[in-house]
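model07.txt follows; it contains compact mmCIF, C-alpha atoms.
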# COMPACT_ATOMS: atom_id res chain seq x y z
CA MET Q 9 -41.62 -75.47 -117.54
CA ASN Q 10 -44.67 -74.73 -119.56
CA LEU Q 11 -45.70 -71.25 -120.64
CA LEU Q 12 -49.06 -72.30 -122.11
CA ASN Q 13 -50.92 -70.71 -119.17
CA ASN Q 14 -49.48 -67.32 -120.23
CA PRO Q 15 -51.86 -65.88 -122.86
CA ALA Q 16 -49.15 -63.60 -124.31
CA PHE Q 17 -47.00 -66.67 -124.95
CA VAL Q 18 -49.90 -68.47 -126.64
CA ALA Q 19 -50.38 -65.41 -128.87
CA TYR Q 20 -46.65 -65.49 -129.65
CA ALA Q 21 -46.74 -69.21 -130.46
CA LEU Q 22 -49.64 -68.74 -132.89
CA THR Q 23 -47.85 -65.75 -134.46
CA CYS Q 24 -44.66 -67.78 -134.81
CA VAL Q 25 -46.57 -70.51 -136.64
CA ALA Q 26 -48.36 -68.02 -138.93
CA LEU Q 27 -45.14 -66.13 -139.78
CA SER Q 28 -43.15 -69.34 -140.29
CA CYS Q 29 -45.89 -70.43 -142.69
CA ASN Q 30 -45.47 -67.12 -144.51
CA LEU Q 31 -41.70 -67.64 -144.86
CA ILE Q 32 -42.03 -71.30 -145.87
CA PHE Q 33 -44.81 -70.48 -148.34
CA LEU Q 34 -42.68 -67.85 -150.11
CA TRP Q 35 -39.71 -70.20 -150.13
CA ALA Q 36 -41.78 -73.05 -151.63
CA TYR Q 37 -43.31 -70.57 -154.06
CA SER Q 38 -39.86 -69.73 -155.45
CA GLY Q 39 -39.41 -73.45 -156.16
CA ALA Q 40 -42.81 -73.58 -157.86
CA ALA Q 41 -41.88 -70.52 -159.94
CA ARG Q 42 -38.68 -72.27 -161.03
CA SER Q 43 -40.68 -75.30 -162.19
CA ARG Q 44 -43.15 -73.13 -164.08
CA VAL Q 45 -40.54 -70.94 -165.76
CA LYS Q 46 -38.25 -73.97 -166.23
CA SER Q 47 -35.14 -72.13 -165.08
CA THR Q 48 -32.49 -73.14 -162.56
CA PRO Q 49 -29.28 -71.52 -161.31
CA ASN Q 50 -27.71 -74.99 -160.83
CA PRO Q 51 -26.13 -76.67 -163.89
CA GLU Q 52 -26.65 -80.12 -162.26
CA ASP Q 53 -30.44 -79.54 -162.24
CA ALA Q 54 -30.76 -78.50 -165.87
CA SER Q 55 -30.87 -81.98 -167.40
CA ARG Q 56 -32.57 -83.63 -164.40
CA PHE Q 57 -35.60 -81.32 -164.37
CA SER Q 58 -35.41 -80.42 -168.10
CA SER Q 59 -34.92 -76.81 -167.05
CA ASN Q 60 -32.74 -74.18 -168.63
CA PHE Q 61 -29.65 -73.13 -166.75
CA ALA Q 62 -29.64 -69.35 -166.14
CA ASP Q 63 -26.92 -67.43 -164.32
CA ILE Q 64 -29.28 -64.54 -163.66
CA GLU Q 65 -32.72 -65.36 -162.28
CA PRO Q 66 -35.65 -64.66 -164.65
CA PRO Q 67 -37.94 -61.81 -163.47
CA GLU Q 68 -40.74 -64.13 -162.24
CA ILE Q 69 -38.33 -65.93 -159.89
CA ALA Q 70 -36.42 -62.81 -158.85
CA ARG Q 71 -39.73 -61.29 -157.72
CA VAL Q 72 -40.48 -64.23 -155.42
CA LEU Q 73 -36.94 -64.10 -154.01
CA ARG Q 74 -37.35 -60.37 -153.30
CA ALA Q 75 -40.69 -60.98 -151.57
CA HIS Q 76 -39.00 -63.70 -149.47
CA ALA Q 77 -36.03 -61.46 -148.61
CA ASN Q 78 -38.42 -58.68 -147.61
CA ALA Q 79 -40.38 -61.10 -145.41
CA GLN Q 80 -37.21 -62.37 -143.70
CA ALA Q 81 -35.91 -58.84 -143.13
CA SER Q 82 -38.96 -57.90 -141.07
CA ILE Q 83 -40.11 -61.23 -139.60
CA VAL Q 84 -36.76 -62.17 -138.06
CA PRO Q 85 -36.45 -59.07 -135.83
CA PHE Q 86 -40.18 -59.26 -135.06
CA LEU Q 87 -39.97 -62.86 -133.80
CA ALA Q 88 -36.86 -62.09 -131.72
CA LEU Q 89 -38.39 -58.98 -130.15
CA GLY Q 90 -41.76 -60.69 -129.68
CA LEU Q 91 -40.24 -63.47 -127.59
CA VAL Q 92 -38.28 -60.96 -125.49
CA TYR Q 93 -41.55 -59.07 -124.94
CA VAL Q 94 -43.31 -62.23 -123.73
CA LEU Q 95 -40.42 -63.36 -121.50
CA ALA Q 96 -40.25 -59.83 -120.03
CA GLY Q 97 -43.86 -60.21 -118.92
CA GLY Q 98 -45.39 -57.88 -121.50
CA PRO Q 99 -49.20 -57.65 -121.24
CA TYR Q 100 -51.44 -59.80 -123.41
CA GLY Q 101 -53.63 -57.01 -124.84
CA ALA Q 102 -50.83 -55.11 -126.56
CA ALA Q 103 -49.22 -58.40 -127.68
CA ALA Q 104 -52.44 -59.50 -129.38
CA LEU Q 105 -52.68 -56.13 -131.12
CA TYR Q 106 -49.07 -56.00 -132.38
CA PHE Q 107 -48.95 -59.67 -133.36
CA THR Q 108 -52.27 -59.67 -135.23
CA ILE Q 109 -51.66 -56.49 -137.21
CA PHE Q 110 -48.11 -57.52 -138.14
CA THR Q 111 -49.04 -61.05 -139.20
CA VAL Q 112 -52.03 -60.00 -141.30
CA ALA Q 113 -50.13 -57.13 -142.92
CA ARG Q 114 -47.13 -59.37 -143.76
CA TRP Q 115 -49.33 -62.00 -145.42
CA LEU Q 116 -51.10 -59.29 -147.40
CA HIS Q 117 -47.72 -57.77 -148.31
CA SER Q 118 -46.59 -61.12 -149.74
CA TRP Q 119 -49.83 -61.38 -151.72
CA ALA Q 120 -49.42 -57.83 -153.05
CA TYR Q 121 -45.73 -58.36 -153.88
CA LEU Q 122 -46.28 -61.61 -155.79
CA GLY Q 123 -49.11 -60.01 -157.78
CA ALA Q 124 -47.25 -56.71 -158.42
CA ARG Q 125 -50.13 -54.84 -156.76
CA GLN Q 126 -49.27 -51.22 -156.06
CA PRO Q 127 -49.97 -49.10 -154.00
CA LEU Q 128 -51.24 -52.03 -151.89
CA ARG Q 129 -47.73 -53.45 -151.46
CA THR Q 130 -46.40 -50.19 -150.01
CA ILE Q 131 -49.49 -49.75 -147.82
CA PHE Q 132 -49.19 -53.24 -146.27
CA PHE Q 133 -45.47 -52.70 -145.86
CA VAL Q 134 -46.06 -49.55 -143.80
CA VAL Q 135 -48.88 -51.20 -141.82
CA ALA Q 136 -46.47 -54.01 -140.84
CA VAL Q 137 -43.65 -51.65 -139.89
CA LEU Q 138 -45.81 -49.83 -137.32
CA PRO Q 139 -46.36 -52.82 -134.94
CA LEU Q 140 -42.68 -53.76 -135.37
CA LEU Q 141 -41.61 -50.32 -134.11
CA ALA Q 142 -44.32 -50.34 -131.42
CA LEU Q 143 -43.13 -53.74 -130.19
CA MET Q 144 -39.55 -52.49 -130.01
CA GLY Q 145 -40.62 -49.37 -128.12
CA HIS Q 146 -42.72 -51.47 -125.72
CA VAL Q 147 -39.74 -53.76 -124.96
CA VAL Q 148 -37.61 -50.70 -124.14
CA TRP Q 149 -40.43 -49.39 -121.92
CA LEU Q 150 -40.70 -52.73 -120.08
CA LEU Q 151 -36.95 -52.63 -119.44
CA LEU Q 152 -37.06 -49.06 -118.17
CA ALA Q 153 -40.17 -49.63 -116.02
CA ALA Q 154 -38.50 -52.57 -114.25
CA ARG Q 155 -35.57 -50.51 -113.01
CA MET V 24 -43.32 -65.51 -115.87
CA ASN V 25 -41.07 -62.52 -115.96
CA LEU V 26 -37.33 -62.74 -116.51
CA LEU V 27 -36.66 -59.04 -115.84
CA ASN V 28 -35.06 -59.86 -112.47
CA ASN V 29 -32.40 -61.88 -114.35
CA PRO V 30 -29.66 -59.39 -115.35
CA ALA V 31 -28.40 -61.64 -118.17
CA PHE V 32 -31.90 -61.55 -119.70
CA VAL V 33 -32.03 -57.76 -119.42
CA ALA V 34 -28.67 -57.61 -121.23
CA TYR V 35 -30.07 -59.93 -123.90
CA ALA V 36 -33.22 -57.82 -124.28
CA LEU V 37 -31.17 -54.64 -124.79
CA THR V 38 -28.90 -56.47 -127.26
CA CYS V 39 -31.92 -57.76 -129.15
CA VAL V 40 -33.26 -54.21 -129.48
CA ALA V 41 -29.88 -52.81 -130.58
CA LEU V 42 -29.29 -55.58 -133.16
CA SER V 43 -32.87 -55.39 -134.47
CA CYS V 44 -32.29 -51.66 -134.93
CA ASN V 45 -29.14 -52.49 -136.88
CA LEU V 46 -31.06 -54.87 -139.18
CA ILE V 47 -34.00 -52.50 -139.62
CA PHE V 48 -31.68 -49.55 -140.24
CA LEU V 49 -29.82 -51.37 -143.05
CA TRP V 50 -33.12 -52.52 -144.54
CA ALA V 51 -34.55 -48.98 -144.48
CA TYR V 52 -31.24 -47.68 -145.84
CA SER V 53 -31.60 -49.91 -148.92
CA GLY V 54 -34.97 -48.25 -149.55
CA ALA V 55 -33.41 -44.81 -149.10
CA ALA V 56 -30.63 -45.78 -151.53
CA ARG V 57 -33.26 -46.81 -154.09
CA SER V 58 -34.96 -43.40 -153.79
CA ARG V 59 -31.68 -41.55 -154.16
CA VAL V 60 -30.42 -43.60 -157.13
CA LYS V 61 -33.96 -43.72 -158.58
CA SER V 62 -33.77 -47.41 -159.42
CA THR V 63 -36.21 -50.21 -158.69
CA PRO V 64 -36.29 -53.94 -159.46
CA ASN V 65 -40.12 -53.82 -159.69
CA PRO V 66 -41.67 -52.68 -163.00
CA GLU V 67 -44.86 -51.62 -161.16
CA ASP V 68 -42.83 -49.08 -159.12
CA ALA V 69 -41.07 -47.45 -162.05
CA SER V 70 -43.86 -45.07 -163.06
CA ARG V 71 -45.24 -44.62 -159.53
CA PHE V 72 -41.96 -43.43 -158.00
CA SER V 73 -40.52 -42.06 -161.29
CA SER V 74 -37.68 -44.53 -160.91
CA ASN V 75 -35.86 -46.49 -163.58
CA PHE V 76 -36.51 -50.19 -163.73
CA ALA V 77 -33.27 -52.16 -163.45
CA ASP V 78 -32.97 -55.93 -163.53
CA ILE V 79 -29.55 -55.80 -161.87
CA GLU V 80 -29.19 -53.61 -158.80
CA PRO V 81 -26.94 -50.53 -159.23
CA PRO V 82 -23.70 -50.71 -157.16
CA GLU V 83 -24.92 -48.24 -154.50
CA ILE V 84 -27.94 -50.42 -153.71
CA ALA V 85 -26.11 -53.74 -154.06
CA ARG V 86 -23.65 -52.52 -151.41
CA VAL V 87 -26.43 -51.85 -148.90
CA LEU V 88 -27.98 -55.25 -149.64
CA ARG V 89 -24.62 -56.96 -149.06
CA ALA V 90 -24.18 -55.11 -145.76
CA HIS V 91 -27.69 -56.22 -144.76
CA ALA V 92 -27.03 -59.84 -145.78
CA ASN V 93 -23.78 -59.82 -143.81
CA ALA V 94 -25.60 -58.43 -140.76
CA GLN V 95 -28.32 -61.09 -140.98
CA ALA V 96 -25.78 -63.88 -141.43
CA SER V 97 -24.12 -63.10 -138.10
CA ILE V 98 -26.94 -61.53 -136.04
CA VAL V 99 -29.42 -64.39 -136.52
CA PRO V 100 -27.19 -67.12 -135.00
CA PHE V 101 -26.01 -64.68 -132.32
CA LEU V 102 -29.56 -63.91 -131.16
CA ALA V 103 -30.53 -67.60 -131.17
CA LEU V 104 -27.43 -68.63 -129.21
CA GLY V 105 -27.71 -65.63 -126.87
CA LEU V 106 -31.22 -66.62 -125.77
CA VAL V 107 -30.14 -70.23 -125.24
CA TYR V 108 -27.25 -68.93 -123.12
CA VAL V 109 -29.62 -66.86 -120.96
CA LEU V 110 -32.20 -69.66 -120.59
CA ALA V 111 -29.40 -72.07 -119.67
CA GLY V 112 -28.54 -69.82 -116.75
CA GLY V 113 -25.33 -68.39 -118.23
CA PRO V 114 -23.66 -65.81 -115.94
CA TYR V 115 -24.27 -62.08 -116.41
CA GLY V 116 -20.61 -60.97 -116.59
CA ALA V 117 -19.69 -62.97 -119.67
CA ALA V 118 -23.07 -62.15 -121.28
CA ALA V 119 -22.46 -58.43 -120.89
CA LEU V 120 -19.00 -58.82 -122.42
CA TYR V 121 -20.07 -60.90 -125.45
CA PHE V 122 -23.24 -58.88 -126.10
CA THR V 123 -21.55 -55.47 -125.87
CA ILE V 124 -18.54 -56.29 -128.05
CA PHE V 125 -20.70 -57.99 -130.69
CA THR V 126 -23.31 -55.22 -130.86
CA VAL V 127 -20.77 -52.38 -131.06
CA ALA V 128 -18.64 -54.22 -133.63
CA ARG V 129 -21.67 -55.04 -135.82
CA TRP V 130 -22.86 -51.42 -135.85
CA LEU V 131 -19.33 -50.28 -136.72
CA HIS V 132 -19.13 -52.97 -139.41
CA SER V 133 -22.32 -51.60 -141.02
CA TRP V 134 -20.87 -48.09 -140.91
CA ALA V 135 -17.59 -49.27 -142.45
CA TYR V 136 -19.38 -51.34 -145.12
CA LEU V 137 -21.71 -48.54 -146.23
CA GLY V 138 -18.77 -46.14 -146.45
CA ALA V 139 -16.42 -48.63 -148.17
CA ARG V 140 -13.92 -48.15 -145.34
CA GLN V 141 -11.12 -50.72 -145.45
CA PRO V 142 -9.36 -52.19 -143.46
CA LEU V 143 -11.90 -51.05 -140.84
CA ARG V 144 -14.65 -53.24 -142.29
CA THR V 145 -12.53 -56.38 -142.00
CA ILE V 146 -11.33 -55.41 -138.51
CA PHE V 147 -14.87 -54.89 -137.17
CA PHE V 148 -15.96 -58.10 -138.89
CA VAL V 149 -13.29 -60.09 -137.02
CA VAL V 150 -14.03 -58.30 -133.74
CA ALA V 151 -17.69 -59.36 -134.08
CA VAL V 152 -16.89 -62.97 -134.94
CA LEU V 153 -14.88 -63.48 -131.73
CA PRO V 154 -17.81 -62.99 -129.26
CA LEU V 155 -20.03 -65.08 -131.57
CA LEU V 156 -17.61 -68.01 -131.30
CA ALA V 157 -17.07 -67.39 -127.58
CA LEU V 158 -20.84 -67.40 -126.99
CA MET V 159 -21.17 -70.69 -128.85
CA GLY V 160 -18.32 -72.23 -126.88
CA HIS V 161 -19.82 -70.99 -123.62
CA VAL V 162 -23.22 -72.58 -124.45
CA VAL V 163 -21.48 -75.91 -125.10
CA TRP V 164 -19.60 -75.53 -121.80
CA LEU V 165 -22.84 -74.82 -119.90
CA LEU V 166 -24.37 -77.97 -121.40
CA LEU V 167 -21.35 -80.10 -120.49
CA ALA V 168 -21.05 -78.65 -116.98
CA ALA V 169 -24.70 -79.52 -116.24
CA ARG V 170 -24.25 -83.21 -116.95
CA MET T 15 -34.09 -69.43 -114.17
CA ASN T 16 -32.29 -72.38 -115.64
CA LEU T 17 -33.85 -74.77 -118.14
CA LEU T 18 -30.93 -77.23 -118.16
CA ASN T 19 -32.95 -79.77 -116.16
CA ASN T 20 -35.46 -79.89 -119.07
CA PRO T 21 -34.12 -82.49 -121.55
CA ALA T 22 -36.11 -80.98 -124.44
CA PHE T 23 -34.35 -77.66 -123.83
CA VAL T 24 -30.94 -79.36 -123.76
CA ALA T 25 -31.79 -81.00 -127.10
CA TYR T 26 -32.80 -77.57 -128.43
CA ALA T 27 -29.58 -75.97 -127.18
CA LEU T 28 -27.45 -78.61 -128.91
CA THR T 29 -29.52 -78.23 -132.09
CA CYS T 30 -29.11 -74.46 -131.96
CA VAL T 31 -25.32 -74.85 -131.72
CA ALA T 32 -25.20 -77.39 -134.57
CA LEU T 33 -27.42 -75.30 -136.88
CA SER T 34 -25.58 -72.08 -136.04
CA CYS T 35 -22.37 -73.89 -136.96
CA ASN T 36 -23.99 -74.87 -140.26
CA LEU T 37 -24.92 -71.23 -141.00
CA ILE T 38 -21.54 -69.86 -139.92
CA PHE T 39 -19.69 -72.56 -141.87
CA LEU T 40 -21.53 -71.70 -145.11
CA TRP T 41 -20.97 -68.00 -144.51
CA ALA T 42 -17.23 -68.52 -143.90
CA TYR T 43 -17.11 -70.83 -146.91
CA SER T 44 -18.37 -68.03 -149.16
CA GLY T 45 -15.42 -65.95 -147.95
CA ALA T 46 -13.04 -68.83 -148.65
CA ALA T 47 -14.54 -69.23 -152.13
CA ARG T 48 -13.95 -65.52 -152.76
CA SER T 49 -10.27 -65.90 -151.81
CA ARG T 50 -9.83 -68.95 -154.02
CA VAL T 51 -11.61 -67.46 -157.05
CA LYS T 52 -10.03 -64.06 -156.33
CA SER T 53 -13.25 -62.16 -156.94
CA THR T 54 -14.92 -59.50 -154.82
CA PRO T 55 -18.08 -57.40 -155.20
CA ASN T 56 -16.43 -54.51 -153.31
CA PRO T 57 -14.13 -52.18 -155.31
CA GLU T 58 -12.26 -51.22 -152.10
CA ASP T 59 -11.20 -54.88 -151.65
CA ALA T 60 -9.86 -55.40 -155.16
CA SER T 61 -6.42 -53.86 -154.63
CA ARG T 62 -6.15 -54.84 -150.95
CA PHE T 63 -6.67 -58.56 -151.52
CA SER T 64 -5.39 -58.55 -155.15
CA SER T 65 -8.83 -59.77 -156.21
CA ASN T 66 -10.79 -58.88 -159.30
CA PHE T 67 -13.82 -56.70 -158.86
CA ALA T 68 -16.93 -58.38 -160.28
CA ASP T 69 -20.42 -56.89 -160.26
CA ILE T 70 -21.97 -60.32 -160.74
CA GLU T 71 -20.73 -63.14 -158.51
CA PRO T 72 -18.79 -65.93 -160.30
CA PRO T 73 -20.63 -69.29 -160.31
CA GLU T 74 -18.46 -70.86 -157.56
CA ILE T 75 -19.36 -68.06 -155.14
CA ALA T 76 -23.00 -67.78 -156.22
CA ARG T 77 -23.41 -71.49 -155.42
CA VAL T 78 -22.19 -71.01 -151.84
CA LEU T 79 -24.47 -67.99 -151.41
CA ARG T 80 -27.46 -70.02 -152.63
CA ALA T 81 -26.60 -72.85 -150.24
CA HIS T 82 -26.41 -70.28 -147.42
CA ALA T 83 -29.71 -68.65 -148.41
CA ASN T 84 -31.37 -72.06 -148.53
CA ALA T 85 -29.99 -72.90 -145.08
CA GLN T 86 -31.24 -69.61 -143.62
CA ALA T 87 -34.68 -70.03 -145.20
CA SER T 88 -35.28 -73.30 -143.35
CA ILE T 89 -33.15 -72.96 -140.20
CA VAL T 90 -34.62 -69.63 -139.08
CA PRO T 91 -38.26 -70.86 -138.86
CA PHE T 92 -37.05 -74.17 -137.39
CA LEU T 93 -35.16 -72.48 -134.54
CA ALA T 94 -38.10 -70.15 -133.80
CA LEU T 95 -40.64 -73.00 -133.77
CA GLY T 96 -38.29 -75.29 -131.85
CA LEU T 97 -37.98 -72.84 -128.97
CA VAL T 98 -41.76 -72.31 -128.89
CA TYR T 99 -42.15 -76.11 -128.77
CA VAL T 100 -39.77 -76.38 -125.80
CA LEU T 101 -41.32 -73.43 -123.91
CA ALA T 102 -44.78 -74.92 -124.52
CA GLY T 103 -43.67 -78.05 -122.68
CA GLY T 104 -43.37 -80.29 -125.74
CA PRO T 105 -42.16 -83.82 -124.90
CA TYR T 106 -38.49 -84.75 -125.19
CA GLY T 107 -38.90 -87.85 -127.39
CA ALA T 108 -40.48 -86.07 -130.36
CA ALA T 109 -38.09 -83.12 -129.92
CA ALA T 110 -35.05 -85.40 -130.15
CA LEU T 111 -36.51 -87.00 -133.29
CA TYR T 112 -37.36 -83.73 -135.11
CA PHE T 113 -34.17 -81.95 -134.06
CA THR T 114 -31.82 -84.81 -135.00
CA ILE T 115 -33.33 -85.54 -138.41
CA PHE T 116 -33.49 -81.85 -139.32
CA THR T 117 -29.94 -81.07 -138.23
CA VAL T 118 -28.36 -84.07 -139.95
CA ALA T 119 -30.37 -83.53 -143.15
CA ARG T 120 -29.47 -79.81 -143.28
CA TRP T 121 -25.74 -80.51 -142.89
CA LEU T 122 -25.96 -83.18 -145.60
CA HIS T 123 -27.94 -80.76 -147.79
CA SER T 124 -25.13 -78.18 -147.49
CA TRP T 125 -22.57 -80.85 -148.40
CA ALA T 126 -24.64 -81.96 -151.41
CA TYR T 127 -25.27 -78.38 -152.55
CA LEU T 128 -21.61 -77.32 -152.39
CA GLY T 129 -20.58 -80.43 -154.33
CA ALA T 130 -23.42 -80.19 -156.90
CA ARG T 131 -24.55 -83.68 -155.91
CA GLN T 132 -27.95 -84.57 -157.35
CA PRO T 133 -30.35 -86.24 -156.57
CA LEU T 134 -28.82 -86.22 -153.05
CA ARG T 135 -29.40 -82.49 -152.65
CA THR T 136 -33.12 -82.82 -153.36
CA ILE T 137 -33.40 -85.91 -151.15
CA PHE T 138 -31.80 -84.21 -148.12
CA PHE T 139 -33.91 -81.14 -148.78
CA VAL T 140 -37.11 -83.16 -148.55
CA VAL T 141 -35.85 -85.10 -145.50
CA ALA T 142 -35.26 -81.75 -143.72
CA VAL T 143 -38.66 -80.32 -144.67
CA LEU T 144 -40.53 -83.21 -143.04
CA PRO T 145 -39.41 -82.55 -139.41
CA LEU T 146 -39.94 -78.80 -140.01
CA LEU T 147 -43.59 -79.45 -140.91
CA ALA T 148 -43.97 -82.03 -138.12
CA LEU T 149 -42.59 -79.54 -135.58
CA MET T 150 -45.05 -76.90 -136.76
CA GLY T 151 -47.96 -79.32 -136.57
CA HIS T 152 -46.87 -80.44 -133.09
CA VAL T 153 -46.78 -76.81 -131.87
CA VAL T 154 -50.33 -76.29 -133.14
CA TRP T 155 -51.38 -79.54 -131.42
CA LEU T 156 -49.81 -78.44 -128.10
CA LEU T 157 -51.73 -75.15 -128.34
CA LEU T 158 -55.02 -76.92 -129.08
CA ALA T 159 -54.51 -79.59 -126.39
CA ALA T 160 -53.97 -76.91 -123.74
CA ARG T 161 -57.35 -75.26 -124.32
Final structure tokens representation of the file:
Amino acid sequence: MNLLNNPAFVAYALTCVALSCNLIFLWAYSGAARSRVKSTPNPEDASRFSSNFADIEPPEIARVLRAHANAQASIVPFLALGLVYVLAGGPYGAAALYFTIFTVARWLHSWAYLGARQPLRTIFFVVAVLPLLALMGHVVWLLLAAR
Amino acid sequence: MNLLNNPAFVAYALTCVALSCNLIFLWAYSGAARSRVKSTPNPEDASRFSSNFADIEPPEIARVLRAHANAQASIVPFLALGLVYVLAGGPYGAAALYFTIFTVARWLHSWAYLGARQPLRTIFFVVAVLPLLALMGHVVWLLLAAR
Amino acid sequence: MNLLNNPAFVAYALTCVALSCNLIFLWAYSGAARSRVKSTPNPEDASRFSSNFADIEPPEIARVLRAHANAQASIVPFLALGLVYVLAGGPYGAAALYFTIFTVARWLHSWAYLGARQPLRTIFFVVAVLPLLALMGHVVWLLLAAR
């Protein structure tokens, strides 16, 4: 089986790559922040990386972890619903719209979160929630229309 | 391709919507708890939303975040295994059973967690773990039976 | 539909089971650590399980939670990209290679993290990142080659 002749699947595949990059970037960024701040929550790392052991994460690192948690909390349901949408035969046009808006808004949200940019962070957050809800509604509609 | 004529896929699609709603509800609820308690972990939000900046989350918010983390920890593997089950041609009857029990128990677990209701929280937790393990066992069985 | 005659899908299904087991094991292990340390973040559990209520997780539990968060941060994008790879018709040989190395390295990473074993933890971390990046690159290549 090969879904590459289905344009909605190709859009999903690209979206999956772009959103996985977003998650992996934030995750790697938390490691970079640890190196910069020289702080680690693991005693066994303290001597090895000449970092200071800290039970509670310093603010610079906690911010990256919050941005990552926020990304996971929205990207995970989006990727699950997006694949259901594609496998249910959802049309390409709407898929391209939802996937593009969500992906761009999530990347911009990460950028705004890491840089403490308000009200941009809240704006991009809301802009990403809209295609998530639209995608969910569209999946329900596809299910109802098939009955 | 369109899987909507496969009843196990339709059950999965509905489950995916219901569990995504559970995740998104808990995530939104943590934001609502922040507004009510007037506490934020982001200094840039403190003046904007007239909230108090707090390095450590107040107990009301930490509870919602734990409920959300617990939901993610079980829903993510369930959704991944559920789709594998459907794509492996798993039968509809067992799918409906696993998916329904898991989804209802997870929603009830969230309700019990947010309201600090014990022993209900532990009961719903166990009731949700059973279909997760059964689903995993069934996927292994499908793989072995196809050899 | 039944993908069980596609060997890349069978490899994905096995990987999904093995990685879900990894996530569920770490999650259960955090519960076991709570019982052993007799500490709980929920006041309603303190009397029930004769545990001590603690706002901040003791180090033994925090370690398990970090290992679990680290596992989620890499396994979630891997499972999403892995399914896209299979549905895009990616070849079995490379799938078996990526999936095996990633799964073994992630299990070993969990073992090293729980036991505070350095430099093994960092080594297994890096060994798991490589097939994650290779899988992502291969998905992009499949998309480009199909144009």
message: I'd like the contact shell of stretch 56-68 of chain Q - 10 Å cut-off, only C-alpha atoms, skipping same-chain residues fewer than 4 positions apart - returned as a list in words.
response: Ser38, Ala41, Arg42, Ser43, Arg44, Val45, Lys46, Ser47, Thr48, Pro49, Asn50, Pro51, Glu52, Val72, Leu73 and Leu122 of chain Q; Pro64, Asn65, Pro66, Asp78 and Ile79 of chain V; Ile70, Glu71, Pro72, Pro73, Ala76, Gln132 and Pro133 of chain T
- request: Please determine the contact residues of chain V with respect to chain Q at a cut-off of 7 Å, counting only C-alpha atoms, and supply them as a ChimeraX atom specification.
  value: /V:24-27,36,39-40,43,67
field: d(atom CA of Q:Ala136, atom CA of Q:Ser118) in Å
entry: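 Between these atoms lies a distance of 11.4 Å.
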- prompt: Which polymer residues have any atom within 12 Å of an atom of Q:Ala113, counting only C-alpha atoms, with same-chain residues fewer than 2 positions away left out, as a PyMOL selection string?
  reply: chain Q and resi 26-27+30+79+82-83+106-111+115-121+128-140
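For the pair atom CA of T:Thr29 and atom CA of V:Ala168, the separation is 17.3 Å.
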message: Between atom CA of T:Tyr106 and atom CA of T:Ala25, what is the distance in Å, rounded to a tenth?
response: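 Here the two named atoms are 7.9 Å from each other.
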- request: Using all atoms listed in the file, find the one residue out of V:Ala119, V:Ile84, V:Leu46, V:Leu167 that sits nearest to T:Val24.
  value: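 Using all atoms listed in the file, T:Val24 sits closest to V:Leu167.
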Since the input is missing atoms for stretch 98-106 of chain V, could you rebuild it with N, CA, C and O atoms and give the result as a PDB file, keeping the file's coordinate frame?
ATOM      1  N   ILE V  98     -26.048 -61.907-137.149  1.00  0.00           N
ATOM      2  CA  ILE V  98     -26.940 -61.530-136.040  1.00  0.00           C
ATOM      3  C   ILE V  98     -27.930 -62.648-135.731  1.00  0.00           C
ATOM      4  O   ILE V  98     -28.252 -62.898-134.565  1.00  0.00           O
ATOM      5  N   VAL V  99     -28.422 -63.344-136.757  1.00  0.00           N
ATOM      6  CA  VAL V  99     -29.420 -64.390-136.520  1.00  0.00           C
ATOM      7  C   VAL V  99     -28.872 -65.499-135.621  1.00  0.00           C
ATOM      8  O   VAL V  99     -29.478 -65.815-134.584  1.00  0.00           O
ATOM      9  N   PRO V 100     -27.705 -66.104-135.951  1.00  0.00           N
ATOM     10  CA  PRO V 100     -27.190 -67.120-135.000  1.00  0.00           C
ATOM     11  C   PRO V 100     -26.854 -66.519-133.638  1.00  0.00           C
ATOM     12  O   PRO V 100     -27.061 -67.188-132.616  1.00  0.00           O
ATOM     13  N   PHE V 101     -26.379 -65.271-133.615  1.00  0.00           N
ATOM     14  CA  PHE V 101     -26.010 -64.680-132.320  1.00  0.00           C
ATOM     15  C   PHE V 101     -27.242 -64.545-131.418  1.00  0.00           C
ATOM     16  O   PHE V 101     -27.194 -64.877-130.231  1.00  0.00           O
ATOM     17  N   LEU V 102     -28.356 -64.066-131.982  1.00  0.00           N
ATOM     18  CA  LEU V 102     -29.560 -63.910-131.160  1.00  0.00           C
ATOM     19  C   LEU V 102     -30.104 -65.252-130.695  1.00  0.00           C
ATOM     20  O   LEU V 102     -30.571 -65.381-129.557  1.00  0.00           O
ATOM     21  N   ALA V 103     -30.043 -66.273-131.570  1.00  0.00           N
ATOM     22  CA  ALA V 103     -30.530 -67.600-131.170  1.00  0.00           C
ATOM     23  C   ALA V 103     -29.661 -68.162-130.049  1.00  0.00           C
ATOM     24  O   ALA V 103     -30.179 -68.633-129.023  1.00  0.00           O
ATOM     25  N   LEU V 104     -28.333 -68.095-130.218  1.00  0.00           N
ATOM     26  CA  LEU V 104     -27.430 -68.630-129.210  1.00  0.00           C
ATOM     27  C   LEU V 104     -27.490 -67.811-127.921  1.00  0.00           C
ATOM     28  O   LEU V 104     -27.390 -68.362-126.819  1.00  0.00           O
ATOM     29  N   GLY V 105     -27.656 -66.491-128.051  1.00  0.00           N
ATOM     30  CA  GLY V 105     -27.710 -65.630-126.870  1.00  0.00           C
ATOM     31  C   GLY V 105     -28.886 -65.978-125.978  1.00  0.00           C
ATOM     32  O   GLY V 105     -28.762 -66.009-124.745  1.00  0.00           O
ATOM     33  N   LEU V 106     -30.045 -66.275-126.591  1.00  0.00           N
ATOM     34  CA  LEU V 106     -31.220 -66.620-125.770  1.00  0.00           C
ATOM     35  C   LEU V 106     -31.023 -67.979-125.110  1.00  0.00           C
ATOM     36  O   LEU V 106     -31.390 -68.174-123.941  1.00  0.00           O
TER      37      LEU V 106
END
